[in-house]
$ cat protein36.cif   # mmCIF, C-alpha atoms
data_data
#
loop_
_atom_site.group_PDB
_atom_site.id
_atom_site.type_symbol
_atom_site.label_atom_id
_atom_site.label_comp_id
_atom_site.auth_asym_id
_atom_site.auth_seq_id
_atom_site.Cartn_x
_atom_site.Cartn_y
_atom_site.Cartn_z
ATOM 1 C CA MET A 1 33.570 -22.880 -38.930
ATOM 2 C CA GLU A 2 30.217 -24.170 -40.055
ATOM 3 C CA THR A 3 29.402 -25.709 -36.649
ATOM 4 C CA LEU A 4 30.171 -22.412 -34.886
ATOM 5 C CA LEU A 5 27.979 -20.524 -37.347
ATOM 6 C CA THR A 6 25.198 -23.077 -36.798
ATOM 7 C CA ILE A 7 25.420 -22.665 -33.020
ATOM 8 C CA ILE A 8 25.277 -18.857 -33.292
ATOM 9 C CA LEU A 9 22.395 -19.056 -35.759
ATOM 10 C CA GLY A 10 20.562 -21.353 -33.324
ATOM 11 C CA PHE A 11 21.017 -18.760 -30.570
ATOM 12 C CA MET A 12 19.759 -16.044 -32.909
ATOM 13 C CA ILE A 13 16.648 -18.061 -33.782
ATOM 14 C CA ILE A 14 15.945 -18.723 -30.087
ATOM 15 C CA GLY A 15 16.353 -15.013 -29.350
ATOM 16 C CA ALA A 16 14.004 -14.042 -32.168
ATOM 17 C CA ILE A 17 11.342 -16.523 -31.034
ATOM 18 C CA TYR A 18 11.659 -15.301 -27.432
ATOM 19 C CA ALA A 19 11.317 -11.707 -28.626
ATOM 20 C CA LEU A 20 8.014 -12.642 -30.251
ATOM 21 C CA HIS A 21 6.604 -14.280 -27.124
ATOM 22 C CA ALA A 22 7.981 -12.122 -24.312
ATOM 23 C CA LYS A 23 5.314 -10.384 -22.212
ATOM 24 C CA ASP A 24 7.584 -7.507 -21.177
ATOM 25 C CA LEU A 25 8.512 -5.402 -24.194
ATOM 26 C CA LEU A 26 11.887 -4.462 -22.671
ATOM 27 C CA SER A 27 12.997 -8.090 -22.540
ATOM 28 C CA ALA A 28 11.715 -8.500 -26.109
ATOM 29 C CA VAL A 29 13.959 -5.630 -27.236
ATOM 30 C CA ILE A 30 16.955 -7.087 -25.378
ATOM 31 C CA ALA A 31 16.266 -10.519 -26.891
ATOM 32 C CA GLN A 32 16.208 -8.926 -30.295
ATOM 33 C CA GLY A 33 19.660 -7.578 -29.506
ATOM 34 C CA ILE A 34 20.843 -11.200 -29.418
ATOM 35 C CA VAL A 35 19.973 -11.452 -33.119
ATOM 36 C CA GLY A 36 21.972 -8.354 -34.017
ATOM 37 C CA TYR A 37 25.058 -9.106 -31.937
ATOM 38 C CA GLY A 38 25.018 -12.759 -33.037
ATOM 39 C CA LEU A 39 25.121 -11.486 -36.600
ATOM 40 C CA VAL A 40 28.203 -9.393 -35.659
ATOM 41 C CA ILE A 41 30.030 -12.559 -34.521
ATOM 42 C CA CYS A 42 28.953 -14.336 -37.722
ATOM 43 C CA PHE A 43 30.374 -11.501 -39.842
ATOM 44 C CA LEU A 44 33.646 -11.535 -37.900
ATOM 45 C CA HIS A 45 34.045 -15.288 -38.423
ATOM 46 C CA LEU A 46 33.293 -14.913 -42.128
ATOM 47 C CA SER A 47 36.154 -12.315 -42.157
ATOM 48 C CA ALA A 48 34.006 -9.286 -43.016
ATOM 49 C CA PRO A 49 35.153 -6.610 -40.529
ATOM 50 C CA ASP A 50 33.523 -3.780 -42.483
ATOM 51 C CA LEU A 51 30.088 -5.302 -42.117
ATOM 52 C CA ALA A 52 30.780 -6.216 -38.489
ATOM 53 C CA ILE A 53 31.642 -2.613 -37.572
ATOM 54 C CA VAL A 54 28.550 -1.239 -39.301
ATOM 55 C CA GLN A 55 26.322 -3.917 -37.751
ATOM 56 C CA ILE A 56 27.599 -3.448 -34.180
ATOM 57 C CA VAL A 57 27.273 0.342 -34.332
ATOM 58 C CA VAL A 58 23.828 0.353 -35.945
ATOM 59 C CA GLU A 59 22.617 -2.328 -33.532
ATOM 60 C CA THR A 60 23.776 -0.326 -30.509
ATOM 61 C CA ILE A 61 22.138 2.923 -31.639
ATOM 62 C CA THR A 62 18.916 1.103 -32.568
ATOM 63 C CA LEU A 63 18.872 -0.671 -29.220
ATOM 64 C CA ILE A 64 19.287 2.646 -27.365
ATOM 65 C CA ILE A 65 16.415 4.251 -29.289
ATOM 66 C CA MET A 66 14.167 1.178 -28.879
ATOM 67 C CA VAL A 67 14.881 0.937 -25.136
ATOM 68 C CA ALA A 68 14.066 4.644 -24.768
ATOM 69 C CA VAL A 69 10.781 4.157 -26.639
ATOM 70 C CA VAL A 70 9.828 1.051 -24.620
ATOM 71 C CA LEU A 71 10.625 2.675 -21.268
ATOM 72 C CA ASP A 72 8.356 5.552 -22.252
ATOM 73 C CA SER A 73 5.422 3.298 -23.203
ATOM 74 C CA SER A 74 3.317 0.934 -21.109
ATOM 75 C CA ARG A 75 5.971 -1.813 -21.431
ATOM 76 C CA GLU A 76 3.349 -4.509 -21.901
ATOM 77 C CA GLU A 77 2.205 -6.117 -25.084
ATOM 78 C CA ILE A 78 -1.486 -5.634 -25.816
ATOM 79 C CA LYS A 79 -3.010 -9.047 -26.453
ATOM 80 C CA SER A 80 -6.144 -9.335 -28.531
ATOM 81 C CA PRO A 81 -8.296 -12.505 -28.424
ATOM 82 C CA PRO A 82 -7.797 -14.825 -31.420
ATOM 83 C CA SER A 83 -10.388 -14.616 -34.160
ATOM 84 C CA TRP A 84 -11.047 -16.413 -37.452
ATOM 85 C CA ARG A 85 -9.070 -13.765 -39.268
ATOM 86 C CA SER A 86 -5.870 -14.563 -37.377
ATOM 87 C CA THR A 87 -6.230 -18.240 -38.350
ATOM 88 C CA ILE A 88 -6.398 -17.231 -42.004
ATOM 89 C CA ASN A 89 -3.307 -15.075 -41.521
ATOM 90 C CA VAL A 90 -1.378 -17.968 -39.997
ATOM 91 C CA VAL A 91 -2.407 -20.350 -42.793
ATOM 92 C CA VAL A 92 -1.436 -17.837 -45.490
ATOM 93 C CA GLY A 93 1.891 -17.255 -43.750
ATOM 94 C CA LEU A 94 2.640 -20.993 -43.579
ATOM 95 C CA VAL A 95 1.784 -21.466 -47.277
ATOM 96 C CA PHE A 96 4.024 -18.525 -48.139
ATOM 97 C CA ILE A 97 6.915 -19.972 -46.079
ATOM 98 C CA GLY A 98 6.486 -23.298 -47.904
ATOM 99 C CA PHE A 99 6.662 -21.575 -51.297
ATOM 100 C CA MET A 100 9.716 -19.557 -50.243
ATOM 101 C CA LEU A 101 11.549 -22.661 -49.001
ATOM 102 C CA TYR A 102 10.749 -24.535 -52.238
ATOM 103 C CA PHE A 103 12.070 -21.792 -54.504
ATOM 104 C CA PHE A 104 15.022 -21.097 -52.192
ATOM 105 C CA ASP A 105 16.003 -24.740 -52.464
ATOM 106 C CA MET A 106 15.735 -24.525 -56.258
ATOM 107 C CA ALA A 107 17.854 -21.365 -56.338
ATOM 108 C CA THR A 108 20.612 -22.595 -54.030
ATOM 109 C CA ALA A 109 21.003 -25.910 -55.889
ATOM 110 C CA SER A 110 22.931 -24.170 -58.661
ATOM 111 C CA LEU A 111 25.311 -22.291 -56.319
ATOM 112 C CA GLU A 112 28.835 -23.304 -55.353
ATOM 113 C CA PRO A 113 29.288 -25.082 -51.988
ATOM 114 C CA PHE A 114 29.608 -22.991 -48.813
ATOM 115 C CA GLY A 115 32.911 -21.141 -48.581
ATOM 116 C CA GLU A 116 33.856 -21.434 -52.272
ATOM 117 C CA HIS A 117 31.741 -18.702 -53.706
ATOM 118 C CA THR A 118 34.286 -16.775 -55.802
ATOM 119 C CA LEU A 119 32.209 -15.992 -58.854
ATOM 120 C CA ARG A 120 33.521 -14.676 -62.153
ATOM 121 C CA MET A 121 32.528 -11.119 -61.316
ATOM 122 C CA SER A 122 34.091 -11.023 -57.863
ATOM 123 C CA GLN A 123 37.296 -12.595 -59.182
ATOM 124 C CA THR A 124 37.792 -9.490 -61.313
ATOM 125 C CA TYR A 125 37.063 -7.298 -58.297
ATOM 126 C CA THR A 126 39.567 -9.042 -56.014
ATOM 127 C CA GLN A 127 42.325 -9.165 -58.628
ATOM 128 C CA GLN A 128 42.080 -5.717 -60.211
ATOM 129 C CA GLY A 129 40.065 -3.708 -57.682
ATOM 130 C CA ALA A 130 43.017 -2.128 -55.889
ATOM 131 C CA ALA A 131 44.812 -1.246 -59.126
ATOM 132 C CA GLN A 132 41.734 0.296 -60.727
ATOM 133 C CA THR A 133 40.326 2.279 -57.799
ATOM 134 C CA GLY A 134 43.529 3.005 -55.865
ATOM 135 C CA ALA A 135 41.803 2.165 -52.563
ATOM 136 C CA ALA A 136 43.599 -0.232 -50.214
ATOM 137 C CA ASN A 137 40.270 -1.267 -48.654
ATOM 138 C CA LEU A 138 38.557 -3.260 -51.395
ATOM 139 C CA VAL A 139 35.098 -2.888 -49.837
ATOM 140 C CA THR A 140 35.230 0.896 -50.016
ATOM 141 C CA GLY A 141 36.641 0.692 -53.531
ATOM 142 C CA VAL A 142 33.699 -1.426 -54.652
ATOM 143 C CA LEU A 143 31.208 0.734 -52.739
ATOM 144 C CA TRP A 144 32.333 4.038 -54.238
ATOM 145 C CA ASP A 145 33.590 2.971 -57.652
ATOM 146 C CA PHE A 146 32.053 -0.185 -59.098
ATOM 147 C CA ARG A 147 28.783 0.019 -57.151
ATOM 148 C CA ALA A 148 28.531 3.751 -56.503
ATOM 149 C CA TYR A 149 24.895 3.840 -57.657
ATOM 150 C CA ASP A 150 23.940 1.365 -54.919
ATOM 151 C CA THR A 151 25.695 3.446 -52.286
ATOM 152 C CA LEU A 152 24.006 6.619 -53.484
ATOM 153 C CA GLY A 153 20.704 4.774 -53.159
ATOM 154 C CA GLU A 154 21.521 3.772 -49.580
ATOM 155 C CA ALA A 155 22.409 7.350 -48.662
ATOM 156 C CA THR A 156 19.185 8.565 -50.276
ATOM 157 C CA ILE A 157 17.172 5.983 -48.321
ATOM 158 C CA LEU A 158 18.640 7.289 -45.046
ATOM 159 C CA PHE A 159 17.889 10.862 -46.142
ATOM 160 C CA THR A 160 14.297 9.908 -46.971
ATOM 161 C CA ALA A 161 13.918 8.110 -43.635
ATOM 162 C CA ALA A 162 14.972 11.231 -41.735
ATOM 163 C CA LEU A 163 12.581 13.295 -43.862
ATOM 164 C CA GLY A 164 9.748 10.854 -43.168
ATOM 165 C CA VAL A 165 10.343 10.865 -39.419
ATOM 166 C CA LEU A 166 10.330 14.676 -39.383
ATOM 167 C CA THR A 167 7.109 14.820 -41.427
ATOM 168 C CA VAL A 168 5.191 12.194 -39.431
ATOM 169 C CA LEU A 169 6.153 13.636 -36.041
ATOM 170 C CA ARG A 170 5.275 17.202 -37.116
ATOM 171 C CA MET A 171 1.832 16.086 -38.349
ATOM 172 C CA LYS A 172 1.080 14.378 -35.046
ATOM 173 C CA GLY A 173 2.355 17.297 -32.994
ATOM 174 C CA LYS A 174 0.044 19.758 -34.707
ATOM 175 C CA LYS A 175 -3.205 17.918 -33.880
ATOM 176 C CA MET B 1 14.744 16.758 -21.115
ATOM 177 C CA LYS B 2 16.512 16.375 -17.788
ATOM 178 C CA GLY B 3 20.143 15.344 -17.541
ATOM 179 C CA LEU B 4 21.540 12.417 -15.585
ATOM 180 C CA THR B 5 23.700 12.253 -12.430
ATOM 181 C CA PRO B 6 27.111 14.011 -12.163
ATOM 182 C CA ILE B 7 28.982 10.691 -12.489
ATOM 183 C CA VAL B 8 27.382 9.979 -15.868
ATOM 184 C CA LYS B 9 27.972 13.571 -16.956
ATOM 185 C CA LYS B 10 31.691 13.409 -16.122
ATOM 186 C CA ILE B 11 32.168 10.061 -17.866
ATOM 187 C CA ALA B 12 30.277 11.324 -20.917
ATOM 188 C CA GLN B 13 32.470 14.437 -20.991
ATOM 189 C CA LEU B 14 35.596 12.301 -20.921
ATOM 190 C CA MET B 15 34.391 9.763 -23.459
ATOM 191 C CA CYS B 16 32.588 11.766 -26.104
ATOM 192 C CA GLY B 17 35.688 13.512 -27.447
ATOM 193 C CA MET B 18 37.452 10.209 -27.922
ATOM 194 C CA ILE B 19 34.391 8.677 -29.578
ATOM 195 C CA PHE B 20 34.179 11.686 -31.894
ATOM 196 C CA ILE B 21 37.849 11.428 -32.898
ATOM 197 C CA TYR B 22 37.449 7.683 -33.457
ATOM 198 C CA GLY B 23 34.487 8.352 -35.731
ATOM 199 C CA ILE B 24 36.490 10.905 -37.723
ATOM 200 C CA TYR B 25 39.340 8.374 -37.986
ATOM 201 C CA ILE B 26 36.989 5.672 -39.275
ATOM 202 C CA VAL B 27 35.508 8.032 -41.868
ATOM 203 C CA VAL B 28 38.811 9.511 -43.096
ATOM 204 C CA HIS B 29 40.613 6.144 -43.240
ATOM 205 C CA GLY B 30 37.622 4.507 -44.932
ATOM 206 C CA HIS B 31 39.608 3.684 -48.061
ATOM 207 C CA LEU B 32 42.505 2.144 -46.099
ATOM 208 C CA THR B 33 41.099 0.248 -43.117
ATOM 209 C CA PRO B 34 37.771 -1.483 -42.373
ATOM 210 C CA GLY B 35 34.951 0.916 -41.736
ATOM 211 C CA GLY B 36 33.905 3.760 -43.941
ATOM 212 C CA ALA B 37 31.249 6.379 -44.256
ATOM 213 C CA PHE B 38 28.300 4.495 -42.767
ATOM 214 C CA ALA B 39 30.079 3.072 -39.699
ATOM 215 C CA GLY B 40 32.000 6.273 -38.994
ATOM 216 C CA GLY B 41 28.957 8.461 -39.466
ATOM 217 C CA ILE B 42 26.946 6.474 -36.953
ATOM 218 C CA ILE B 43 29.849 6.612 -34.452
ATOM 219 C CA LEU B 44 29.885 10.416 -34.866
ATOM 220 C CA ALA B 45 26.136 10.493 -34.261
ATOM 221 C CA GLY B 46 26.671 8.281 -31.200
ATOM 222 C CA ALA B 47 28.976 10.875 -29.630
ATOM 223 C CA PHE B 48 26.261 13.535 -29.983
ATOM 224 C CA ILE B 49 23.534 11.190 -28.727
ATOM 225 C CA LEU B 50 25.676 10.352 -25.658
ATOM 226 C CA LEU B 51 26.054 14.047 -24.861
ATOM 227 C CA ILE B 52 22.352 14.812 -25.335
ATOM 228 C CA LEU B 53 21.292 11.825 -23.196
ATOM 229 C CA ALA B 54 23.742 12.651 -20.413
ATOM 230 C CA PHE B 55 23.297 16.406 -20.175
ATOM 231 C CA GLY B 56 19.751 16.912 -21.362
ATOM 232 C CA SER B 57 18.639 20.074 -23.076
ATOM 233 C CA GLU B 58 15.749 22.460 -23.543
ATOM 234 C CA VAL B 59 13.315 22.109 -26.412
ATOM 235 C CA ILE B 60 14.274 25.442 -28.007
ATOM 236 C CA LYS B 61 17.962 24.501 -28.067
ATOM 237 C CA LEU B 62 17.130 21.047 -29.416
ATOM 238 C CA ARG B 63 15.058 22.576 -32.194
ATOM 239 C CA LYS B 64 17.970 24.792 -33.229
ATOM 240 C CA GLU B 65 20.247 21.748 -33.310
ATOM 241 C CA GLU B 66 17.677 19.819 -35.309
ATOM 242 C CA SER B 67 17.424 22.494 -37.987
ATOM 243 C CA GLY B 68 21.230 22.635 -38.184
ATOM 244 C CA SER B 69 21.576 18.879 -38.531
ATOM 245 C CA SER B 70 18.897 18.609 -41.207
ATOM 246 C CA VAL B 71 20.540 21.424 -43.188
ATOM 247 C CA SER B 72 23.961 19.778 -43.044
ATOM 248 C CA GLU B 73 22.385 16.444 -44.003
ATOM 249 C CA SER B 74 20.786 17.886 -47.133
ATOM 250 C CA LEU B 75 23.871 19.941 -48.030
ATOM 251 C CA SER B 76 26.281 17.031 -47.852
ATOM 252 C CA LEU B 77 24.044 14.839 -50.028
ATOM 253 C CA LEU B 78 23.781 17.730 -52.514
ATOM 254 C CA VAL B 79 27.571 18.173 -52.619
ATOM 255 C CA THR B 80 27.938 14.423 -53.173
ATOM 256 C CA LEU B 81 25.635 14.650 -56.185
ATOM 257 C CA ILE B 82 27.539 17.674 -57.523
ATOM 258 C CA LEU B 83 30.825 15.782 -57.123
ATOM 259 C CA ALA B 84 29.343 12.785 -58.912
ATOM 260 C CA SER B 85 28.072 15.001 -61.734
ATOM 261 C CA THR B 86 31.527 16.572 -62.075
ATOM 262 C CA GLY B 87 32.732 13.140 -63.201
ATOM 263 C CA LEU B 88 30.004 13.283 -65.825
ATOM 264 C CA LEU B 89 31.351 16.584 -67.178
ATOM 265 C CA ILE B 90 35.093 15.809 -67.049
ATOM 266 C CA GLY B 91 36.691 13.293 -69.386
ATOM 267 C CA SER B 92 34.664 10.193 -70.165
ATOM 268 C CA LYS B 93 30.955 10.776 -69.678
ATOM 269 C CA VAL B 94 30.243 8.481 -66.740
ATOM 270 C CA PHE B 95 28.216 9.394 -63.658
ATOM 271 C CA PHE B 96 30.272 8.722 -60.488
ATOM 272 C CA LYS B 97 33.481 8.683 -62.525
ATOM 273 C CA ASN B 98 36.538 8.686 -60.267
ATOM 274 C CA PHE B 99 38.088 11.698 -61.980
ATOM 275 C CA LEU B 100 40.887 12.528 -59.501
ATOM 276 C CA PRO B 101 44.273 10.745 -59.857
ATOM 277 C CA PRO B 102 44.372 7.472 -57.872
ATOM 278 C CA GLY B 103 47.750 8.147 -56.269
ATOM 279 C CA GLN B 104 49.784 5.554 -54.397
ATOM 280 C CA ILE B 105 47.869 2.682 -52.781
ATOM 281 C CA GLY B 106 48.004 2.830 -48.993
ATOM 282 C CA GLN B 107 48.583 6.575 -48.627
ATOM 283 C CA LEU B 108 46.047 8.705 -46.753
ATOM 284 C CA VAL B 109 45.555 10.933 -49.812
ATOM 285 C CA SER B 110 44.910 8.369 -52.515
ATOM 286 C CA ALA B 111 42.107 6.596 -54.350
ATOM 287 C CA GLY B 112 40.953 9.718 -56.178
ATOM 288 C CA ALA B 113 37.569 11.040 -55.100
ATOM 289 C CA ILE B 114 36.703 8.084 -52.811
ATOM 290 C CA PRO B 115 37.841 9.821 -49.549
ATOM 291 C CA LEU B 116 35.774 12.888 -50.476
ATOM 292 C CA TYR B 117 32.678 10.738 -50.994
ATOM 293 C CA ASN B 118 33.429 8.980 -47.700
ATOM 294 C CA ILE B 119 33.669 12.235 -45.749
ATOM 295 C CA LEU B 120 30.524 13.699 -47.319
ATOM 296 C CA ILE B 121 28.409 10.587 -46.776
ATOM 297 C CA GLY B 122 29.845 10.294 -43.251
ATOM 298 C CA ILE B 123 28.503 13.780 -42.477
ATOM 299 C CA GLU B 124 25.178 12.867 -44.121
ATOM 300 C CA VAL B 125 24.738 9.655 -42.123
ATOM 301 C CA ALA B 126 25.680 11.332 -38.832
ATOM 302 C CA ALA B 127 23.313 14.232 -39.453
ATOM 303 C CA ALA B 128 20.459 11.921 -40.489
ATOM 304 C CA ILE B 129 20.751 9.780 -37.336
ATOM 305 C CA ILE B 130 20.948 12.893 -35.121
ATOM 306 C CA THR B 131 17.941 14.396 -36.904
ATOM 307 C CA ILE B 132 15.849 11.269 -36.318
ATOM 308 C CA PHE B 133 16.914 11.121 -32.651
ATOM 309 C CA LEU B 134 16.212 14.814 -32.062
ATOM 310 C CA ALA B 135 12.826 14.601 -33.811
ATOM 311 C CA LEU B 136 11.801 11.774 -31.453
ATOM 312 C CA ILE B 137 12.971 13.711 -28.354
ATOM 313 C CA ILE B 138 11.255 16.938 -29.430
ATOM 314 C CA PHE B 139 8.035 15.040 -30.139
ATOM 315 C CA LYS B 140 8.083 13.534 -26.635
ATOM 316 C CA GLU B 141 8.847 16.868 -24.963
ATOM 317 C CA GLU B 142 5.996 18.569 -26.797
ATOM 318 C CA GLU B 143 3.632 15.788 -25.721
ATOM 319 C CA GLU B 144 4.648 16.299 -22.097
ATOM 320 C CA GLN B 145 4.203 20.058 -22.196
ATOM 321 C CA ARG B 146 0.580 19.751 -23.218
#
$ encode --input "protein36.cif" --output "structure tokens"
Amino acid sequence: METLLTIILGFMIIGAIYALHAKDLLSAVIAQGIVGYGLVICFLHLSAPDLAIVQIVVETITLIIMVAVVLDSSREEIKSPPSWRSTINVVVGLVFIGFMLYFFDMATASLEPFGEHTLRMSQTYTQQGAAQTGAANLVTGVLWDFRAYDTLGEATILFTAALGVLTVLRMKGKK
Amino acid sequence: MKGLTPIVKKIAQLMCGMIFIYGIYIVVHGHLTPGGAFAGGIILAGAFILLILAFGSEVIKLRKEESGSSVSESLSLLVTLILASTGLLIGSKVFFKNFLPPGQIGQLVSAGAIPLYNILIGIEVAAAIITIFLALIIFKEEEEQR
């Protein structure tokens, strides 16, 4: 399973890099779709159908909206000549990536090996979740019972996003 | 916004009902099968987006739909909060307390208040996605009119 995941992750990385460098914005958007749909296959192979359904649906809707936006624009990326400031940005980014990798390595050293990640907390969820919540689908039981605050936060974020889009587009329309 | 060709219109007519029913199924069976409020809500929004893209509409009509969708979005989130606060008032004082009886595992009506939360958040997600989509379309149409 790990080799398959590695192959799919390789494809996703190639797609992401291509999306950065593509001249035509439409092909960049399509290449970004590779990342999303590759993630769907990863979720399915890690036996997480809930996440896979959400990811495939969100990816499709996002792709439709992005394609509509790109078709309506000039479709070409505006290139600006490199300056000293961009060099500083690249250096800062590389230093930041180095720091992140260092601390990530430190953090993952204490975790269980890949595939054996049943922690103490999730053991309780998997053993008693169905009896305590009464939901046959454990994911929904966790989402709306044990972690209901998180889910309320997610719903509020979506609400705020819609509010923000309405506000920003109204402001621009009035000018 | 102009509509598309008759072939696309016919296919959209045939498909969107099925997509809508599938979305309702995903939302209502959220506590039994994979899926749930977020996935089902976006499928519901997808049915509407398919119809709007295929048939097109006038700005005035779109604006009416937009106000309706934003109202239903806010209302469903409000009802969710009221339902969550009801758990605070009944029995043990816990916000988001599952105060309804859990019932038998595997039945459609089971798991206490979880299906209600699923349905409400499904409506909220669908309405939010439609609102964002409609706001973008209306913005573009207004740009073109000027």
$ interface_residues --input "protein36.cif" --of "chain B" --to "chain A" --cutoff "8 Å" --atoms "all atoms listed in the file" --output "number ranges by chain"
B: 30-36, 38-39, 42-43, 46, 73-74, 77, 96-98, 102-106, 110-112, 114, 117, 121, 124-125, 128-129, 131-133, 135-136, 139, 142-143
$ resolve_selection --input "protein36.cif" --expression "the PyMOL selection byres ((chain A and resi 38) around 8)" --output "ChimeraX atom specification"
/A:8-9,11-12,34-37,39-42
$ residues_around --input "protein36.cif" --residues "Ile82 in chain B" --least-positions-apart "2" --cutoff "12 Å" --atoms "only C-alpha atoms" --output "ChimeraX atom specification"
/B:75-80,84-89,95-97,116-117,120
$ write_last_selection --input "protein36.cif" --atoms "C-alpha atoms" --output "mmCIF file, keeping the file's coordinate frame"
data_model
loop_
_atom_site.group_PDB
_atom_site.id
_atom_site.type_symbol
_atom_site.label_atom_id
_atom_site.label_comp_id
_atom_site.auth_asym_id
_atom_site.auth_seq_id
_atom_site.Cartn_x
_atom_site.Cartn_y
_atom_site.Cartn_z
ATOM 1 C CA LEU B 75 23.871 19.941 -48.030
ATOM 2 C CA SER B 76 26.281 17.031 -47.852
ATOM 3 C CA LEU B 77 24.044 14.839 -50.028
ATOM 4 C CA LEU B 78 23.781 17.730 -52.514
ATOM 5 C CA VAL B 79 27.571 18.173 -52.619
ATOM 6 C CA THR B 80 27.938 14.423 -53.173
ATOM 7 C CA ALA B 84 29.343 12.785 -58.912
ATOM 8 C CA SER B 85 28.072 15.001 -61.734
ATOM 9 C CA THR B 86 31.527 16.572 -62.075
ATOM 10 C CA GLY B 87 32.732 13.140 -63.201
ATOM 11 C CA LEU B 88 30.004 13.283 -65.825
ATOM 12 C CA LEU B 89 31.351 16.584 -67.178
ATOM 13 C CA PHE B 95 28.216 9.394 -63.658
ATOM 14 C CA PHE B 96 30.272 8.722 -60.488
ATOM 15 C CA LYS B 97 33.481 8.683 -62.525
ATOM 16 C CA LEU B 116 35.774 12.888 -50.476
ATOM 17 C CA TYR B 117 32.678 10.738 -50.994
ATOM 18 C CA LEU B 120 30.524 13.699 -47.319
#
$ atom_distance --input "protein36.cif" --atom1 "CA of Leu83 in chain B" --atom2 "CA of His29 in chain B"
19.5 Å
$ closest_residue --input "protein36.cif" --among "B:Leu51, B:Gly68, B:Gly41, B:Ser92" --to "Met15 in chain B" --atoms "all atoms listed in the file"
B:Leu51
$ residues_around --input "protein36.cif" --residues "Pro6 in chain B" --least-positions-apart "6" --cutoff "12 Å" --atoms "only C-alpha atoms" --output "number ranges by chain"
B: 12-13, 54-55
$ atom_distance --input "protein36.cif" --atom1 "CA of Leu4 in chain A" --atom2 "CA of His45 in chain A"
8.8 Å
$ atom_distance --input "protein36.cif" --atom1 "CA of Met66 in chain A" --atom2 "CA of Ile52 in chain B"
16.3 Å
